[in-house]
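**Student:** The structure's right below; bear with me while I get my questions together.
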Protein chains: 2
Amino acid sequence: MQMLRERILELGSVLPGDVLNVNAFLNHQLDTELLVQIGKTFAGHFQSRGVTKIITIETSGIAVAVTTGIELGVPVVFARTTPTPTIGSDHYSASAYSYTKQVRHEVIVAREFIHTEDRTLIVDDFLARGEAVAALTSIVGQASATLVGIGIVIEKVFQDGGEKVRTGGHEVFSLARIKRLSAPKMIEFVD
Amino acid sequence: MQMLRERILELGSVLPGDVLNVNAFLNHQLDTELLVQIGKTFAGHFQSRGVTKIITIETSGIAVAVTTGIELGVPVVFARTTPTPTIGSDHYSASAYSYTKQVRHEVIVAREFIHTEDRTLIVDDFLARGEAVAALTSIVGQASATLVGIGIVIEKVFQDGGEKVRTGGHEVFSLARIKRLSAPKMIEFVD
C-alpha cells in the first residue's frame, strides 16, 4: 500500500528496542484519509469471506477496525485491556504481554458480543511478537466463532509473530511489511 | 438524533452510580452505521467553523472522532491516558478523574500535534462531570490553539459537566441529552 509506505518513510521514526514510532499518523495523531484507504484495502481483500464482525484491541487498533467495519458494513468489537465496570464477569479473557509498554495485559471481551455463528476478522495496527493477535485468536476460539483472517497495518517480519500466526493456520494480510529497523530513521521494507 | 436515541433505549442499560452502559454499540461493540451518522451530524453542525483538527481521548472517543474527522477531512489527535514510550517528555498534560473507573488519569498530548494556528473541535462519547473535556480544553489552551466547540454523543444533563463547560464560554453540541437514569433500564431524555 503505497500511501502507507510513504507515511511511514516520511513521518515514522525508530526508537530503541525496534519500536517504530508512527504517532504522527496512526498511534496518536490519526490521518483520516489514510485510515479510509486502509479500511478499503482490508475490506477489498476480505470481502468474499462473509465477515460478520471485526475484532480488535484497544487503543490503536480501533481506528483502522472502524474504517474496515464501515466498508464491510459490519460491527467492530474492541477488546479491553483495562478494567471497566461495564463489563461484568461474563467475559472471555486471554493474557498478552506488550513488549512496547513492558506490561502484561488481561484482554477481555464480553461474551454477549461474539457468537458461535460469527465469522470474525481480526484487525490491528502492528504485528510483532504476535501477543495481541494470539490473545484475540484465543478469544475467538473460546467463543467457538470462525476466524476468517487477520489484517495488519504494519508487520515486523524480523520478529516471529507473523510466522507463529501463519503456522497456526491463519491468513495474515499485512499492508506494510518491515524487514529491518534501526534508530533513528532506517526503515527497510520487504521487497 | 433519532437513531442514537433508539440504540440507547433498545440496547442501553443503567448500572449503579448513574452509569449508562452502551457497550452494545458505542463502548465495546461499535455500531459502524451509527458511528457514520454521528460523524455526519457533528460535521454538519461544525462545518462552517474552519476546524483543522479533532481532539479526543482514548479509548471510547476514538471511533466517533474518526468518523467526524473523515467527514470534515481533518486529522484526529487522541490524548493518551496510559504511559507510552513513543511520547517523550515534550507533551502537554492535564489531570482528569474518571468517576466510572474511579481513577485519576494524566491526560497527555505530544506538543508536535497541536499548533497555535489549529482550530480544534473536541469530540467525546460522554459528558457527565466534564473531567475529560476540561482536561482536553486545558491542553488546547496550553497549545494556544483555538477551541471552536465540543461535540458530545451522550450528555448527562443531571450532572454538572455541561453547565461548567458552557459557563466557560464553549459551545457544547450533544446528540442525546439525558435527564434521568435509574437502574436497570429507566432512561429519560430531555424533551
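Chains: A, B, ... in order of the C-alpha cells. Residues: from 1 per chain. Ligands: from 1, in order shown.
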Give me, as a compact mmCIF listing (two decimals) with N, CA and C atoms, in the first residue's frame, the contact residues of chain B against chain A at a cut-off of 8 Å, counting only C-alpha atoms.
**Tutor:**
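This is the output file part10.txt:
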```txt
# COMPACT_ATOMS: atom_id res chain seq x y z
N LEU B 15 -26.45 1.08 35.16
CA LEU B 15 -25.76 0.41 36.26
C LEU B 15 -25.75 1.34 37.47
N ASN B 21 -24.69 2.07 30.47
CA ASN B 21 -23.90 1.06 29.76
C ASN B 21 -24.32 1.02 28.29
N ASN B 23 -22.25 -0.46 25.97
CA ASN B 23 -21.26 -1.38 25.41
C ASN B 23 -21.75 -2.06 24.13
N ALA B 24 -23.05 -2.15 23.93
CA ALA B 24 -23.57 -2.88 22.77
C ALA B 24 -23.38 -2.13 21.46
N HIS B 28 -17.82 -0.81 23.45
CA HIS B 28 -17.12 -2.11 23.45
C HIS B 28 -17.39 -2.77 22.09
N GLN B 29 -18.66 -2.99 21.78
CA GLN B 29 -19.05 -3.25 20.40
C GLN B 29 -19.42 -1.90 19.78
N LEU B 30 -19.01 -1.72 18.53
CA LEU B 30 -19.24 -0.43 17.85
C LEU B 30 -20.16 -0.65 16.66
N ASP B 31 -21.28 0.05 16.64
CA ASP B 31 -22.21 0.01 15.52
C ASP B 31 -21.68 0.98 14.46
N THR B 32 -21.09 0.44 13.41
CA THR B 32 -20.39 1.31 12.46
C THR B 32 -21.35 2.20 11.68
N GLU B 33 -22.56 1.72 11.43
CA GLU B 33 -23.55 2.56 10.74
C GLU B 33 -23.89 3.78 11.62
N VAL B 36 -21.02 6.35 11.63
CA VAL B 36 -21.01 7.20 10.44
C VAL B 36 -22.04 8.32 10.58
N GLU B 58 -8.47 8.70 24.55
CA GLU B 58 -8.67 7.26 24.49
C GLU B 58 -9.55 6.83 25.66
N THR B 59 -10.34 5.77 25.54
CA THR B 59 -10.47 4.89 24.40
C THR B 59 -11.73 5.19 23.61
N ILE B 62 -12.39 7.62 20.43
CA ILE B 62 -11.66 7.50 19.16
C ILE B 62 -12.59 7.22 17.97
N ALA B 63 -13.50 6.28 18.13
CA ALA B 63 -14.32 5.87 16.99
C ALA B 63 -15.16 7.03 16.44
N VAL B 66 -13.00 9.66 14.77
CA VAL B 66 -12.53 9.24 13.44
C VAL B 66 -13.61 9.49 12.39
N GLY B 69 -13.79 13.17 11.81
CA GLY B 69 -12.61 13.63 11.07
C GLY B 69 -12.68 13.27 9.60
N ILE B 70 -13.19 12.07 9.31
CA ILE B 70 -13.35 11.66 7.91
C ILE B 70 -14.30 12.62 7.19
N GLY B 73 -12.68 15.97 6.81
CA GLY B 73 -11.42 15.95 6.08
C GLY B 73 -10.25 16.49 6.88
N VAL B 74 -10.25 16.20 8.19
CA VAL B 74 -9.17 16.69 9.06
C VAL B 74 -8.64 15.53 9.91
N PRO B 75 -7.42 15.65 10.42
CA PRO B 75 -6.88 14.61 11.30
C PRO B 75 -7.50 14.63 12.69
N VAL B 76 -7.30 13.53 13.39
CA VAL B 76 -7.74 13.36 14.77
C VAL B 76 -6.49 13.23 15.64
N VAL B 77 -6.50 13.84 16.80
CA VAL B 77 -5.48 13.53 17.81
C VAL B 77 -6.18 12.96 19.02
N PHE B 78 -5.79 11.75 19.42
CA PHE B 78 -6.39 11.24 20.66
C PHE B 78 -5.37 11.34 21.79
N ALA B 79 -5.80 11.99 22.87
CA ALA B 79 -4.96 12.12 24.05
C ALA B 79 -4.77 10.75 24.68
N ARG B 80 -3.61 10.52 25.22
CA ARG B 80 -3.30 9.28 25.92
C ARG B 80 -3.57 9.44 27.40
N PRO B 83 0.67 5.63 30.01
CA PRO B 83 2.01 5.99 29.56
C PRO B 83 2.38 5.16 28.33
N THR B 84 3.03 5.78 27.39
CA THR B 84 3.50 5.05 26.21
C THR B 84 4.88 5.60 25.86
N PRO B 85 5.82 4.74 25.59
CA PRO B 85 7.20 5.18 25.39
C PRO B 85 7.40 6.03 24.15
N THR B 86 6.42 6.00 23.21
CA THR B 86 6.61 6.79 21.99
C THR B 86 6.31 8.27 22.18
N THR B 100 -16.38 6.86 36.46
CA THR B 100 -16.80 5.50 36.11
C THR B 100 -15.75 4.48 36.55
N LYS B 101 -14.48 4.80 36.26
CA LYS B 101 -13.41 3.84 36.59
C LYS B 101 -12.79 4.13 37.96
N PHE B 113 1.68 17.84 17.91
CA PHE B 113 0.44 17.58 17.17
C PHE B 113 -0.68 18.61 17.41
```
**Student:** Residues within 9 Å of Asp118 (chain B), please, as an mmCIF file with N, CA and C atoms, in the first residue's frame. Count only C-alpha atoms; anything in the same chain fewer than 4 positions from it doesn't count.
**Tutor:**
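Dumped everything to around_5.cif:
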```cif
data_model
loop_
_atom_site.group_PDB
_atom_site.id
_atom_site.type_symbol
_atom_site.label_atom_id
_atom_site.label_comp_id
_atom_site.auth_asym_id
_atom_site.auth_seq_id
_atom_site.Cartn_x
_atom_site.Cartn_y
_atom_site.Cartn_z
ATOM 1 N N VAL B 51 -12.681 24.011 11.170
ATOM 2 C CA VAL B 51 -11.965 23.039 12.017
ATOM 3 C C VAL B 51 -10.736 22.487 11.276
ATOM 4 N N THR B 52 -9.607 22.454 11.954
ATOM 5 C CA THR B 52 -8.399 21.859 11.359
ATOM 6 C C THR B 52 -7.997 20.559 12.049
ATOM 7 N N LYS B 53 -8.556 20.295 13.244
ATOM 8 C CA LYS B 53 -8.145 19.103 13.988
ATOM 9 C C LYS B 53 -9.217 18.702 14.995
ATOM 10 N N ILE B 114 -0.423 19.628 18.221
ATOM 11 C CA ILE B 114 -1.369 20.756 18.306
ATOM 12 C C ILE B 114 -0.570 22.044 18.174
ATOM 13 N N SER B 144 -2.136 27.163 22.980
ATOM 14 C CA SER B 144 -2.605 28.444 22.415
ATOM 15 C C SER B 144 -3.371 28.240 21.110
ATOM 16 N N ALA B 145 -4.012 27.075 20.978
ATOM 17 C CA ALA B 145 -4.847 26.818 19.805
ATOM 18 C C ALA B 145 -6.261 27.328 20.089
ATOM 19 N N THR B 146 -7.089 27.381 19.048
ATOM 20 C CA THR B 146 -8.483 27.818 19.199
ATOM 21 C C THR B 146 -9.378 26.605 19.407
ATOM 22 N N LEU B 147 -10.309 26.730 20.326
ATOM 23 C CA LEU B 147 -11.320 25.687 20.523
ATOM 24 C C LEU B 147 -12.627 26.189 19.904
#
```
**Student:** As number ranges by chain, please: the residues near region 153-164 of chain A (cut-off 7 Å, only C-alpha atoms, same-chain neighbours under 5 positions excluded).
**Tutor:** A: 124-130, 174-180
**Student:** For the selection you just gave me, I'd like the residues written to a file as a tab-separated table (two decimals), in the first residue's frame, keeping C-alpha atoms.
**Tutor:**
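Written out: out-v7.tsv:
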```tsv
chain	number	residue	atom	x	y	z
A	124	ASP	CA	-4.72	-4.49	14.39
A	125	ASP	CA	-2.15	-1.78	13.83
A	126	PHE	CA	1.01	-3.82	14.47
A	127	LEU	CA	2.12	-7.44	14.36
A	128	ALA	CA	5.49	-8.02	16.01
A	129	ARG	CA	5.72	-10.87	18.51
A	130	GLY	CA	2.06	-11.67	17.95
A	174	SER	CA	-0.24	-7.08	6.10
A	175	LEU	CA	-0.26	-3.71	4.36
A	176	ALA	CA	3.38	-2.86	5.11
A	177	ARG	CA	5.99	-5.49	5.89
A	178	ILE	CA	9.15	-4.28	7.56
A	179	LYS	CA	12.38	-6.22	7.24
A	180	ARG	CA	14.67	-4.09	9.32
```
**Student:** Could you pull out the helix (DSSP H, G or I) residues of chain B from DSSP and send them as number ranges by chain?
**Tutor:** B: 2-11, 23-27, 32-49, 62-72, 111-113, 131-142, 161-167
**Student:** Find the residue from B:Val123, B:Leu11, B:Ala132, B:Met186 that sits nearest to Gly39 (chain B); use only C-alpha atoms when measuring.
**Tutor:**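 Going through B:Val123, B:Leu11, B:Ala132, B:Met186 one by one, the smallest distance to Gly39 (chain B) is for B:Val123.
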**Student:** Identify which of the residues A:Lys40, A:Pro16, A:Ser182, A:Gly168 lies closest to Met1 (chain A), counting only C-alpha atoms when measuring atom-to-atom distances.
**Tutor:**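 Of A:Lys40, A:Pro16, A:Ser182, A:Gly168, the one nearest Met1 (chain A), counting only C-alpha atoms, is A:Lys40.
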**Student:** Write down as an MDAnalysis selection string the residues belonging to region 56-175 of chain A that are assigned strand (DSSP E or B) by DSSP computed on the backbone.
**Tutor:** chainID A and resid 56:57 76:80 91:98 103:110 119:127 146:156 172:175
